[in-house]
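**Student:** Dropping in start_2.csv, which is CSV, C-alpha atoms:
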```csv
chain,number,residue,atom,x,y,z
A,24,MET,CA,-61.5,14.1,29.8
A,25,THR,CA,-59.7,13.3,26.6
A,26,SER,CA,-56.0,12.4,27.0
A,27,HIS,CA,-53.6,14.2,24.7
A,28,PRO,CA,-49.8,13.5,24.1
A,29,PRO,CA,-47.4,16.1,25.6
A,30,ILE,CA,-47.3,19.3,23.7
A,31,PRO,CA,-44.3,21.7,24.2
A,32,THR,CA,-46.3,24.9,23.9
A,33,ARG,CA,-50.0,25.7,24.2
A,34,VAL,CA,-52.0,28.7,22.9
A,35,VAL,CA,-54.1,31.3,24.6
A,36,LEU,CA,-56.7,32.5,22.1
A,37,LEU,CA,-57.5,36.2,22.6
A,38,CYS,CA,-60.6,37.6,21.0
A,39,GLY,CA,-63.0,40.5,21.5
A,40,PRO,CA,-64.6,43.2,19.4
A,41,SER,CA,-62.4,45.3,17.2
A,42,GLY,CA,-60.8,48.1,19.3
A,43,THR,CA,-60.9,46.4,22.7
A,44,GLY,CA,-57.1,46.5,22.9
A,45,LYS,CA,-56.2,42.9,22.1
A,46,SER,CA,-53.0,43.7,20.2
A,47,SER,CA,-51.6,46.0,22.9
A,48,PHE,CA,-52.5,43.6,25.7
A,49,ALA,CA,-50.9,40.7,23.9
A,50,THR,CA,-47.7,42.7,23.2
A,51,ARG,CA,-47.4,43.8,26.8
A,52,SER,CA,-47.8,40.3,28.1
A,53,GLY,CA,-44.2,39.4,27.1
A,54,LEU,CA,-45.3,36.2,25.4
A,55,PRO,CA,-44.9,35.4,21.7
A,56,VAL,CA,-47.8,36.7,19.7
A,57,LEU,CA,-49.5,35.4,16.6
A,58,ALA,CA,-51.6,38.1,14.9
A,59,LEU,CA,-54.6,36.3,13.5
A,60,ASP,CA,-55.6,39.3,11.4
A,61,ASP,CA,-52.7,38.3,9.1
A,62,PHE,CA,-55.0,35.4,8.0
A,63,TYR,CA,-57.6,37.7,6.4
A,64,LYS,CA,-58.5,36.8,2.8
A,65,GLU,CA,-57.2,39.1,0.1
A,66,GLY,CA,-59.4,41.8,-1.3
A,67,ASP,CA,-59.8,40.1,-4.7
A,68,ASP,CA,-61.0,36.8,-3.1
A,69,PRO,CA,-64.4,35.9,-4.7
A,70,THR,CA,-65.5,34.3,-1.4
A,71,LEU,CA,-65.4,37.5,0.6
A,72,PRO,CA,-68.8,38.3,2.2
A,73,LEU,CA,-70.6,41.6,1.7
A,74,VAL,CA,-72.5,43.7,4.2
A,75,PRO,CA,-76.1,43.0,3.4
A,76,GLY,CA,-77.7,45.7,1.2
A,77,THR,CA,-74.3,47.3,0.4
A,78,SER,CA,-71.2,46.8,-1.8
A,79,ASP,CA,-68.9,46.9,1.3
A,80,THR,CA,-66.9,43.9,2.1
A,81,ASP,CA,-67.9,42.6,5.5
A,82,TRP,CA,-64.5,42.3,7.1
A,83,ASP,CA,-66.2,41.5,10.5
A,84,ALA,CA,-67.7,38.2,9.2
A,85,PRO,CA,-65.8,35.0,9.8
A,86,ALA,CA,-66.0,34.2,6.1
A,87,ALA,CA,-63.6,37.0,5.5
A,88,TRP,CA,-60.9,35.0,7.3
A,89,ASP,CA,-59.0,31.9,6.5
A,90,ALA,CA,-59.7,29.8,9.6
A,91,GLU,CA,-58.1,26.6,8.2
A,92,ALA,CA,-54.7,28.4,7.6
A,93,ALA,CA,-54.8,30.0,11.0
A,94,LEU,CA,-55.6,26.7,12.8
A,95,ALA,CA,-52.8,25.0,10.8
A,96,THR,CA,-50.3,27.6,11.9
A,97,VAL,CA,-51.4,27.4,15.6
A,98,THR,CA,-51.0,23.7,15.4
A,99,ALA,CA,-47.5,23.9,14.0
A,100,LEU,CA,-46.5,26.4,16.6
A,101,CYS,CA,-47.7,24.2,19.4
A,102,HIS,CA,-46.1,21.0,18.1
A,103,GLN,CA,-43.0,22.3,16.3
A,104,GLY,CA,-42.3,25.7,18.0
A,105,ARG,CA,-42.1,27.7,14.8
A,106,ALA,CA,-44.1,28.4,11.6
A,107,THR,CA,-44.1,30.6,8.6
A,108,VAL,CA,-46.9,33.2,8.9
A,109,PRO,CA,-48.2,35.7,6.3
A,110,VAL,CA,-47.8,39.4,6.7
A,111,TYR,CA,-51.1,41.2,5.8
A,112,ASP,CA,-51.6,44.9,5.0
A,113,ILE,CA,-55.1,45.8,6.1
A,114,SER,CA,-55.0,49.1,4.2
A,115,ARG,CA,-54.3,47.2,1.0
A,116,SER,CA,-56.4,44.2,1.8
A,117,ALA,CA,-53.5,42.0,0.7
A,118,ARG,CA,-50.7,39.8,1.9
A,119,THR,CA,-47.4,41.5,1.4
A,120,GLY,CA,-45.0,38.8,2.5
A,121,GLU,CA,-44.3,36.2,5.1
A,122,ARG,CA,-42.1,35.8,8.2
A,123,THR,CA,-41.1,33.1,10.6
A,124,LEU,CA,-42.6,33.1,14.1
A,125,ASP,CA,-40.6,31.1,16.7
A,126,VAL,CA,-42.2,30.2,20.0
A,127,GLU,CA,-39.9,27.4,21.0
A,128,GLY,CA,-39.1,27.4,24.7
A,129,ALA,CA,-42.2,29.4,25.7
A,130,PRO,CA,-44.8,27.5,27.7
A,131,LEU,CA,-47.5,29.6,26.0
A,132,PHE,CA,-48.1,32.0,23.1
A,133,ILE,CA,-51.0,34.3,22.4
A,134,ALA,CA,-53.0,34.1,19.1
A,135,GLU,CA,-55.1,37.3,19.0
A,136,GLY,CA,-57.7,38.6,16.7
A,137,ILE,CA,-61.4,39.2,16.3
A,138,PHE,CA,-62.0,35.7,14.9
A,139,ALA,CA,-59.9,33.8,17.5
A,140,ALA,CA,-63.1,32.4,19.1
A,141,GLU,CA,-63.9,30.6,15.8
A,142,ILE,CA,-61.2,28.0,16.5
A,143,VAL,CA,-61.6,27.6,20.3
A,144,ALA,CA,-63.4,24.3,20.1
A,145,ARG,CA,-61.0,22.8,17.6
A,146,CYS,CA,-57.9,23.9,19.6
A,147,ARG,CA,-59.5,22.5,22.8
A,148,ALA,CA,-60.3,19.2,21.1
A,149,ALA,CA,-56.7,18.9,19.9
A,150,GLY,CA,-55.3,19.6,23.4
A,151,LEU,CA,-53.6,22.8,22.2
A,152,LEU,CA,-55.6,25.3,24.3
A,153,ALA,CA,-54.4,26.9,27.5
A,154,ASP,CA,-57.2,29.4,27.7
A,155,ALA,CA,-59.6,31.4,25.6
A,156,LEU,CA,-60.3,35.0,26.5
A,157,CYS,CA,-62.6,37.7,25.2
A,158,LEU,CA,-61.6,41.3,26.1
A,159,ARG,CA,-64.6,43.5,26.6
A,160,GLY,CA,-65.2,47.2,27.6
A,161,ARG,CA,-67.7,50.0,27.1
A,162,PRO,CA,-68.9,50.2,23.5
A,163,SER,CA,-68.5,53.9,23.4
A,164,THR,CA,-64.9,53.7,24.5
A,165,THR,CA,-64.2,50.9,22.1
A,166,PHE,CA,-65.7,53.0,19.3
A,167,ARG,CA,-63.4,55.9,20.0
A,168,ARG,CA,-60.3,53.7,20.3
A,169,ARG,CA,-61.1,51.8,17.1
A,170,LEU,CA,-61.8,54.9,15.0
A,171,LEU,CA,-58.7,56.7,16.1
A,172,ARG,CA,-56.6,53.6,15.4
A,173,ASP,CA,-58.1,53.0,12.0
A,174,LEU,CA,-57.8,56.6,11.0
A,175,ARG,CA,-54.2,56.8,12.2
A,176,GLU,CA,-53.3,53.6,10.2
A,177,SER,CA,-55.4,54.6,7.2
A,178,ARG,CA,-56.9,51.1,7.3
A,179,LYS,CA,-59.9,51.9,5.0
A,180,PRO,CA,-61.7,54.9,3.5
A,181,VAL,CA,-63.2,57.3,6.2
A,182,PRO,CA,-66.8,56.8,5.2
A,183,PHE,CA,-66.4,53.0,5.4
A,184,LEU,CA,-64.7,53.3,8.9
A,185,LEU,CA,-67.6,55.5,10.2
A,186,ARG,CA,-70.3,53.1,8.9
A,187,ARG,CA,-68.4,50.1,10.3
A,188,GLY,CA,-67.7,51.8,13.6
A,189,TRP,CA,-71.3,52.8,14.2
A,190,TRP,CA,-72.5,49.2,13.3
A,191,LEU,CA,-69.9,47.6,15.6
A,192,MET,CA,-70.7,49.9,18.5
A,193,ARG,CA,-74.4,48.9,18.4
A,194,ALA,CA,-73.5,45.2,17.9
A,195,GLU,CA,-70.7,45.0,20.5
A,196,ARG,CA,-72.6,43.2,23.3
A,197,GLN,CA,-74.0,40.7,20.8
A,198,ILE,CA,-70.4,40.1,19.5
A,199,VAL,CA,-69.2,39.4,23.0
A,200,ALA,CA,-72.1,37.0,23.6
A,201,HIS,CA,-71.4,35.1,20.4
A,202,GLN,CA,-67.7,34.7,21.2
A,203,ALA,CA,-68.7,33.5,24.7
A,204,GLU,CA,-70.9,30.9,23.1
A,205,LEU,CA,-67.9,29.7,21.0
A,206,GLY,CA,-66.0,29.1,24.3
A,207,ALA,CA,-64.1,32.4,25.0
A,208,HIS,CA,-64.4,33.8,28.5
A,209,PRO,CA,-65.4,37.5,28.5
A,210,CYS,CA,-63.3,39.6,30.9
A,211,THR,CA,-61.6,42.9,31.6
A,212,ARG,CA,-57.9,43.4,31.0
A,213,ASP,CA,-57.2,42.9,34.7
A,214,GLU,CA,-59.0,39.5,34.8
A,215,ALA,CA,-57.4,38.5,31.5
A,216,LEU,CA,-53.9,39.3,32.9
A,217,SER,CA,-54.7,37.2,36.0
A,218,ARG,CA,-55.9,34.2,33.9
A,219,LEU,CA,-52.9,34.6,31.6
A,220,THR,CA,-50.5,34.5,34.6
A,221,ALA,CA,-52.2,31.4,36.0
A,222,ALA,CA,-52.1,29.7,32.6
A,223,ALA,CA,-48.3,30.4,32.2
A,224,GLU,CA,-47.7,29.1,35.7
A,225,SER,CA,-49.5,25.9,35.1
A,226,HIS,CA,-47.8,25.2,31.8
A,227,ARG,CA,-44.2,25.9,32.9
A,228,PRO,CA,-41.7,23.1,32.2
A,229,GLY,CA,-41.8,20.6,35.1
A,230,THR,CA,-45.4,21.3,35.9
A,231,GLY,CA,-47.2,18.0,36.4
A,232,PRO,CA,-50.3,16.9,34.5
A,233,ALA,CA,-52.3,17.3,37.7
A,234,ALA,CA,-51.8,21.1,37.7
A,235,ALA,CA,-54.9,23.2,37.2
A,236,ARG,CA,-55.5,24.2,33.6
A,237,PRO,CA,-57.7,27.2,32.7
A,238,ASP,CA,-59.2,25.3,29.8
A,239,ARG,CA,-60.5,22.5,31.9
A,240,ASP,CA,-64.1,22.5,33.0
A,241,HIS,CA,-64.4,26.0,31.7
A,242,THR,CA,-67.9,27.5,31.5
A,243,PRO,CA,-67.9,30.8,29.6
A,244,ALA,CA,-69.5,33.7,31.3
A,245,ALA,CA,-72.4,35.5,29.6
A,246,GLY,CA,-71.6,38.7,27.6
```
Let me see whether you can do it: turn the structure in this file into structure tokens.
**Tutor:**
Amino acid sequence: MTSHPPIPTRVVLLCGPSGTGKSSFATRSGLPVLALDDFYKEGDDPTLPLVPGTSDTDWDAPAAWDAEAALATVTALCHQGRATVPVYDISRSARTGERTLDVEGAPLFIAEGIFAAEIVARCRAAGLLADALCLRGRPSTTFRRRLLRDLRESRKPVPFLLRRGWWLMRAERQIVAHQAELGAHPCTRDEALSRLTAAAESHRPGTGPAAARPDRDHTPAAG
């Protein structure tokens, strides 16, 4: 195993299809949370991908997201304990400001978003990763939860939300399988909480290097 210098704080990357409850789970964990959706590209970015055969922006494609900026922020939080992060308004497809996120003193923080799996391998290689989790559930339940949330928050026009929701429901199992291939462990909320508790325990101050780490010898389960 590659040896890494001591890092004050490590990250738990939390992914899963849109609507699986990542944000609420992360908030209820009591740990600091980095919202990776804040690293979406802005609506006038010429590199935004389109849904094939339509004029709709494909907000579910990794190319709609700034992975380099997200990874740089995760790295800064792990090594320095704080970072300036953007504030993104999904309904406007635009960044509206920035804020300082401070995780100093916490053994772990959660970075959650639908693209979190895209940086699992690089975080693991850099010694930043405590665990990588992919929340999953029933596609029909996820569809209802996602649609109600998006309508409540007026995220996008209703026709777009319906088209996107229908496509995501049909693709949900494939999305989970893809995120598992990238190194995230598919699990229910109960299992995610158990793994999160174990990760926090093994990364508490004073825990020796021989302590078990969830990111070691990890084999993702199939979606």
**Student:** Report, in Å to a single decimal, how far apart CA of Ala221 (chain A) and CA of Ala155 (chain A) are.
**Tutor:** 12.8 Å
**Student:** Residues near Arg33 (chain A), anyone? I mean within 10 Å using all atoms listed in the file, not counting same-chain ones fewer than 6 positions away, as an NGL selection string.
**Tutor:** :A and (97-98 or 100-102 or 104 or 126 or 129-133 or 146 or 150-154 or 222-223 or 226)
**Student:** Around (-63.3, 49.5, 0.3), as given in the file, which residues come within 10 Å? Count all atoms listed in the file and list them as a ChimeraX atom specification.
**Tutor:** /A:66,78-82,114-116,178-184
**Student:** From the options A:Glu214, A:Glu135, A:Asp61, A:Asp173, which residue's atoms come nearest to Trp88 (chain A), counting only C-alpha atoms?
**Tutor:**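 Nearest to Trp88 (chain A): A:Asp61.
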**Student:** What is the distance between CA of Trp189 (chain A) and CA of Ser163 (chain A), in Å to one decimal?
**Tutor:**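 That distance, rounded to one decimal, is 9.7 Å.
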**Student:** CA of Glu91 (chain A) and CA of Thr43 (chain A), how far apart in Å?
**Tutor:**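 Computing the Euclidean distance for CA of Thr43 (chain A) and CA of Glu91 (chain A) yields 24.7 Å.
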**Student:** Measuring between all atoms listed in the file, which one of A:Leu94, A:Ala149, A:Cys157, A:Leu57 shows the shortest distance to Gly44 (chain A)?
**Tutor:**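 Going through A:Leu94, A:Ala149, A:Cys157, A:Leu57 one by one, the smallest distance to Gly44 (chain A) is for A:Cys157.
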**Student:** Taking into account all atoms listed in the file, which residue in the set A:Pro72, A:Pro31, A:Gly136, A:Gly39 is nearest to Pro162 (chain A)?
**Tutor:**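 That would be A:Gly39, the residue with the smallest distance to Pro162 (chain A).
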**Student:** Find the residues around Gln197 (chain A) up to 12 Å (only C-alpha atoms counted), leave out those fewer than 4 positions away in its own chain, and share them as a ChimeraX atom specification.
**Tutor:** /A:39-40,159,162,190-193,201-204,209,245-246
**Student:** Now that the selection is made, can you save its residues with C-alpha atoms as a short mmCIF file (atom, residue, chain, number, x, y, z; two decimals), keeping the file's coordinate frame?
**Tutor:**
```
data_model
loop_
_atom_site.label_atom_id
_atom_site.label_comp_id
_atom_site.auth_asym_id
_atom_site.auth_seq_id
_atom_site.Cartn_x
_atom_site.Cartn_y
_atom_site.Cartn_z
CA GLY A 39 -63.00 40.50 21.50
CA PRO A 40 -64.60 43.20 19.40
CA ARG A 159 -64.60 43.50 26.60
CA PRO A 162 -68.90 50.20 23.50
CA TRP A 190 -72.50 49.20 13.30
CA LEU A 191 -69.90 47.60 15.60
CA MET A 192 -70.70 49.90 18.50
CA ARG A 193 -74.40 48.90 18.40
CA HIS A 201 -71.40 35.10 20.40
CA GLN A 202 -67.70 34.70 21.20
CA ALA A 203 -68.70 33.50 24.70
CA GLU A 204 -70.90 30.90 23.10
CA PRO A 209 -65.40 37.50 28.50
CA ALA A 245 -72.40 35.50 29.60
CA GLY A 246 -71.60 38.70 27.60
#
```
